[in-house]
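**Student:** Dropping the structure in here first, questions after.
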Amino acid sequence: MIAALAFYAFAAILVASAVMVVTSRNPVHSVLYLILAFFNAAGLFLLAGAEFLAMILVIVYVGAVAVLFLFVVMMLDVDFARLREGFQRYAPFGAVVGAILFLELVLVFGAWQLAPDAMDLRLSPAPAGVSNTEALGRVIYTDYIFLFQAAGMILLVAMIGAIVLTLRDKPANSKRQDIAAQIARTSKLAMAQPALGAGIAREEILRPLPPPAPEPKKVSHEGGHH
Amino acid sequence: MTEFLNSPLGILALTVAQALALLVPVLIAVAYLTWAERKVLAAMQLRKGPNVVGPFGLLQPFADAIKMLMKETIIPSGASRLLFMAAPMLTFTLAMLAWAVIPVNDGWAIADINVGVLYLFAISSLGVYGIIIAGWASNSKYAFLGALRSAAQMVSYEVSIGFVIVTVLLCVGSLNLTEIVRAQENLWFFIPLFPMFVIFFISALAETNRAPFDLPEGESELVAGFFVEYSSMSFALFFLGEYANMILMSALCVILFMGGWLPPISIEPFTWIPGPVWFALKVALVLFFFLWSRATFPRYRYDQLMRLGWKVFLPFSLLWLVLTAGFLKLTGLLPA
């Protein structure tokens with residue numbers, strides 16, 4: 001009963017926040033609703049017994065991807081009035097594209113068939129005696145190892161591409177810190193103790209020495225009161 | 001009685017009681033950590049620190065709390081009100097939420113879940129939202145700059161923390177925090193994995209925005225960073241959240257590397273002391289290192305901070321991970 005209640009709560013909040021992502025006027029609010037949606041999706045994963053997926057969803061999407069989204073969106077200077085200006089004009093095109101996508105989805109899901117093995121697996125998401133994480137690891141690293149590696153390579157290519165796109169030639173006179181060189185160099189600075197008021201000779205300011213201070217009066221400590 | 005405890009209401013009541021039994025000591029520890037910080041810093045700078053309110057200044061944290069409560073809450077006129085108030089609550093809630101999986105003794109975790117480490121990692125990676133939202137909602141330049149800095153900083157250091165955790169997990173073969181501590185029965189992990197222990201500690205400093213990585217609140221250039229505009233209780237929640245996070249990261253450090261509740265040597269006089277006391281002592285030791293580094297090191301420059309995270313810690317922890325995996329595989333020590 002509690003699981004069903006939790007499911008409906010998570011699902012309702014998920015759908016509501018997904019709607020708010022699209023409809024809210026402030027893009028920062030949109031991203032925050034997106035984060036809420038991710039959270040509730042993680043909750044649904046937890047209810048389905050897939051705790052590893054739930055945690056990874058929170059770590060990767062909420063903890064990293066959405067942070068970068070928020071980072072970018074906060075810095076954007078969006079003029080909302082101009083953004084809504086063309087709404088009337090573009091609405092029909094949007095509706096047509098949406099309708100085509102919807103039709104395609106209907107066609108795909110109309111022909112959807114579950115594999116006979118999958119029906120058994122649905123009842124027991126993890127094999128007996130093995131934790132969810134371990135079961136997932138076994139499948140990914142044995143049955144699908146090449147696909148997994150291929151996914152990794154694609155991400156690597158994407159990462160290198162992003163770095164290449166943002167890498168610019170350094171200007172010839174740009175100054176950069178070379179920490180190794182800084183640590184390795186021997187000190188050219190030395191403590192100098194010039195005479196009072198004389199300054200350091202290297203600066204080539206030679207001032208006459210001040211007159212010698214008068215000798216302080218000797219204080220006698222022999223007898224008497226202080 | 002047992003029948004009541006097995007009913008949904010009974011389970012709820014029991015969980016609430018357990019949570020209170022853990023969170024009340026944590027909050028008291030947070031209060032006294034602020035006192036300890038002032039005392040330790042004072043001792044290192046040859047001062048006395050708080051010594052007026054109560055004996056040895058022991059009542060100072062409570063005096064500060066009452067002062068905070070009495071102040072007026074000020075919301076800047078340009079601020080996004082709801083988010084402005086929600087941000088400190090989020091920070092504090094997340095700092096408390098993570099304690100659900102921390103085992104202070106064998107089997108004493110409130111929720112002894114299979115993916116405990118991942119849960120902790122997920123919750124600590126969410127901590128950045130409190131800061132970003134606070135910076136954005138304040139509608140102030142300083143707060144915003146502080147928030148941007150902290151977002152970049154926390155995301156960077158999470159990566160190396162992740163690799164450190166994976167290295168430990170390789171030696172354990174489980175994501176359960178209790179299992180991680182049990183695997184250290186014979187040898188605490190900070191001995192074989194000492195470089196990772198150092199990286200974890202430094203990354204924990206950066207993750208909790210503590211000196212020498214307290215750039216998000218660098219008072220000399222950003223006034224106070226992301227919480228410039230906060231006052232009274234909303235400021236206090238940030239403050240409590242930061243210190244609770246420090247204790248949490250220390251607890252994680254103790255669990256991953258210093259054998260959790262286990263005594264240093266499993267012989268008579270050490271085994272008399274109960275596990276939670278060992279746990280608390282070790283956490284206090286790590287916290288002392290947090291305070292010590294604050295008293296010792298000057299603040300990092302922003303580009304040096306990024307360089308350290310991405311160009312030093314990340315390649316090194318990745319290399320050490322591969323080395324550990326290879327060593328475990330070749331010696332046959334890899335846990336099944």
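The chains in the structure tokens are called A, B, ... from first to last as shown; in each chain the residues are counted from 1, and the ligands are counted from 1 in the order shown.
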Could you please select, counting only C-alpha atoms, the residues of chain A within 7 Å of chain B and state them as a ChimeraX atom specification?
**Tutor:** /A:52,55,58-59,63-64
**Student:** Please dump the current selection as a tab-separated table (two decimals), in the first residue's frame; keep N, CA, C and O atoms.
**Tutor:**
```tsv
chain	number	residue	atom	x	y	z
A	52	PHE	N	20.83	0.92	-7.81
A	52	PHE	CA	22.06	1.41	-8.44
A	52	PHE	C	21.74	2.47	-9.49
A	52	PHE	O	22.35	3.54	-9.52
A	55	MET	N	20.77	5.80	-7.89
A	55	MET	CA	21.89	6.60	-7.38
A	55	MET	C	22.69	7.19	-8.53
A	55	MET	O	23.11	8.34	-8.47
A	58	VAL	N	21.00	10.20	-9.93
A	58	VAL	CA	21.19	11.41	-9.12
A	58	VAL	C	22.62	11.93	-9.28
A	58	VAL	O	22.85	13.13	-9.47
A	59	ILE	N	23.61	11.02	-9.23
A	59	ILE	CA	25.01	11.48	-9.28
A	59	ILE	C	25.31	12.13	-10.62
A	59	ILE	O	25.87	13.22	-10.69
A	63	GLY	N	23.80	15.69	-10.10
A	63	GLY	CA	25.03	16.19	-9.50
A	63	GLY	C	25.98	16.82	-10.48
A	63	GLY	O	26.81	17.64	-10.10
A	64	ALA	N	25.91	16.45	-11.75
A	64	ALA	CA	26.89	16.99	-12.70
A	64	ALA	C	26.24	17.70	-13.88
A	64	ALA	O	26.48	18.88	-14.10
```
**Student:** How would you write, as a PyMOL selection string, the set of residues in segment 36-227 of chain B that DSSP gives as helix (DSSP H, G or I)?
**Tutor:** chain B and resi 36-44+55-57+60-70+81-101+116-137+141-172+177-182+194-207+215-217+219-222+225-227
**Student:** Give me the residues near segment 237-240 of chain B as a list in words, where near means some atom within 8 Å (using only C-alpha atoms) and where sequence neighbours in that chain fewer than 5 positions away do not count.
**Tutor:** Val30, Ala31, Pro88, Met89, Thr91, Phe92 and Phe227 of chain B
**Student:** Report, in Å with one decimal, the straight-line distance from atom CA of Phe197 of chain B to atom CA of Phe257 of chain B.
**Tutor:** 6.7 Å
**Student:** Would you work out the distance separating atom CA of Met70 of chain B from atom CA of Tyr243 of chain B, expressed in Å to one decimal?
**Tutor:**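 Result for atom CA of Met70 of chain B versus atom CA of Tyr243 of chain B: 21.2 Å, one decimal.
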**Student:** Would you list the contacts of Leu57 of chain A as a PyMOL selection string, taking every protein, DNA or RNA residue within 10 Å and counting only C-alpha atoms, but skipping same-chain residues closer than 5 positions in sequence?
**Tutor:** (chain A and resi 38-39+41-43+45+51-52+62-63) or (chain B and resi 122)
**Student:** With all heavy atoms retained, write the just-selected residues as a compact mmCIF listing (two decimals), in the first residue's frame.
**Tutor:**
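Dumped everything to again.txt:
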```
# COMPACT_ATOMS: atom_id res chain seq x y z
N PHE A 38 14.19 14.78 -12.26
CA PHE A 38 15.22 13.74 -12.15
C PHE A 38 15.10 13.01 -10.81
O PHE A 38 15.19 11.79 -10.73
CB PHE A 38 16.62 14.35 -12.23
CG PHE A 38 17.06 14.66 -13.63
CD1 PHE A 38 17.83 15.78 -13.88
CD2 PHE A 38 16.74 13.82 -14.68
CE1 PHE A 38 18.26 16.08 -15.16
CE2 PHE A 38 17.16 14.11 -15.96
CZ PHE A 38 17.92 15.24 -16.20
N PHE A 39 14.90 13.80 -9.77
CA PHE A 39 14.81 13.23 -8.43
C PHE A 39 13.68 12.23 -8.32
O PHE A 39 13.84 11.14 -7.78
CB PHE A 39 14.55 14.34 -7.42
CG PHE A 39 15.69 14.53 -6.53
CD1 PHE A 39 16.41 15.70 -6.55
CD2 PHE A 39 16.08 13.52 -5.67
CE1 PHE A 39 17.48 15.87 -5.74
CE2 PHE A 39 17.16 13.68 -4.86
CZ PHE A 39 17.86 14.86 -4.89
N ALA A 41 12.26 10.68 -10.74
CA ALA A 41 12.56 9.50 -11.57
C ALA A 41 13.45 8.54 -10.77
O ALA A 41 13.26 7.32 -10.80
CB ALA A 41 13.25 9.93 -12.85
N ALA A 42 14.42 9.12 -10.03
CA ALA A 42 15.27 8.27 -9.19
C ALA A 42 14.44 7.55 -8.14
O ALA A 42 14.67 6.37 -7.85
CB ALA A 42 16.36 9.12 -8.53
N GLY A 43 13.45 8.26 -7.60
CA GLY A 43 12.55 7.63 -6.63
C GLY A 43 11.81 6.46 -7.24
O GLY A 43 11.67 5.39 -6.63
N PHE A 45 12.84 4.62 -9.75
CA PHE A 45 13.82 3.53 -9.89
C PHE A 45 13.97 2.77 -8.58
O PHE A 45 14.03 1.54 -8.56
CB PHE A 45 15.18 4.10 -10.29
CG PHE A 45 15.39 4.21 -11.77
CD1 PHE A 45 15.89 5.36 -12.32
CD2 PHE A 45 15.09 3.15 -12.61
CE1 PHE A 45 16.09 5.47 -13.68
CE2 PHE A 45 15.29 3.24 -13.97
CZ PHE A 45 15.79 4.41 -14.51
N GLU A 51 18.25 0.13 -7.24
CA GLU A 51 18.84 1.21 -6.44
C GLU A 51 20.11 1.77 -7.08
O GLU A 51 20.39 2.95 -6.96
CB GLU A 51 19.12 0.72 -5.02
CG GLU A 51 20.26 -0.25 -4.86
CD GLU A 51 19.78 -1.69 -4.76
OE1 GLU A 51 18.62 -1.94 -5.08
OE2 GLU A 51 20.60 -2.54 -4.36
N PHE A 52 20.83 0.92 -7.81
CA PHE A 52 22.06 1.41 -8.44
C PHE A 52 21.74 2.47 -9.49
O PHE A 52 22.35 3.54 -9.52
CB PHE A 52 22.82 0.24 -9.07
CG PHE A 52 24.13 0.65 -9.70
CD1 PHE A 52 25.23 0.92 -8.90
CD2 PHE A 52 24.25 0.76 -11.06
CE1 PHE A 52 26.42 1.30 -9.47
CE2 PHE A 52 25.45 1.14 -11.63
CZ PHE A 52 26.53 1.41 -10.83
N VAL A 62 21.76 14.82 -11.81
CA VAL A 62 21.51 15.94 -10.89
C VAL A 62 22.83 16.54 -10.43
O VAL A 62 22.99 17.76 -10.38
CB VAL A 62 20.67 15.46 -9.69
CG1 VAL A 62 20.36 16.61 -8.79
CG2 VAL A 62 19.41 14.80 -10.16
N GLY A 63 23.80 15.69 -10.10
CA GLY A 63 25.03 16.19 -9.50
C GLY A 63 25.98 16.82 -10.48
O GLY A 63 26.81 17.64 -10.10
N ALA B 122 26.08 10.79 -3.92
CA ALA B 122 24.99 11.52 -4.56
C ALA B 122 24.60 12.72 -3.71
O ALA B 122 24.46 13.84 -4.21
CB ALA B 122 23.79 10.60 -4.77
```
**Student:** I'd like the contact shell of Ala86 of chain B - 10 Å cut-off, only C-alpha atoms, skipping same-chain residues fewer than 6 positions apart - returned as a ChimeraX atom specification.
**Tutor:** /B:130,133-134,137,234
**Student:** Interatomic distance between atom CA of Glu37 of chain B and atom CA of Ser250 of chain B?
**Tutor:**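 Interatomic distance here is 14.7 Å.
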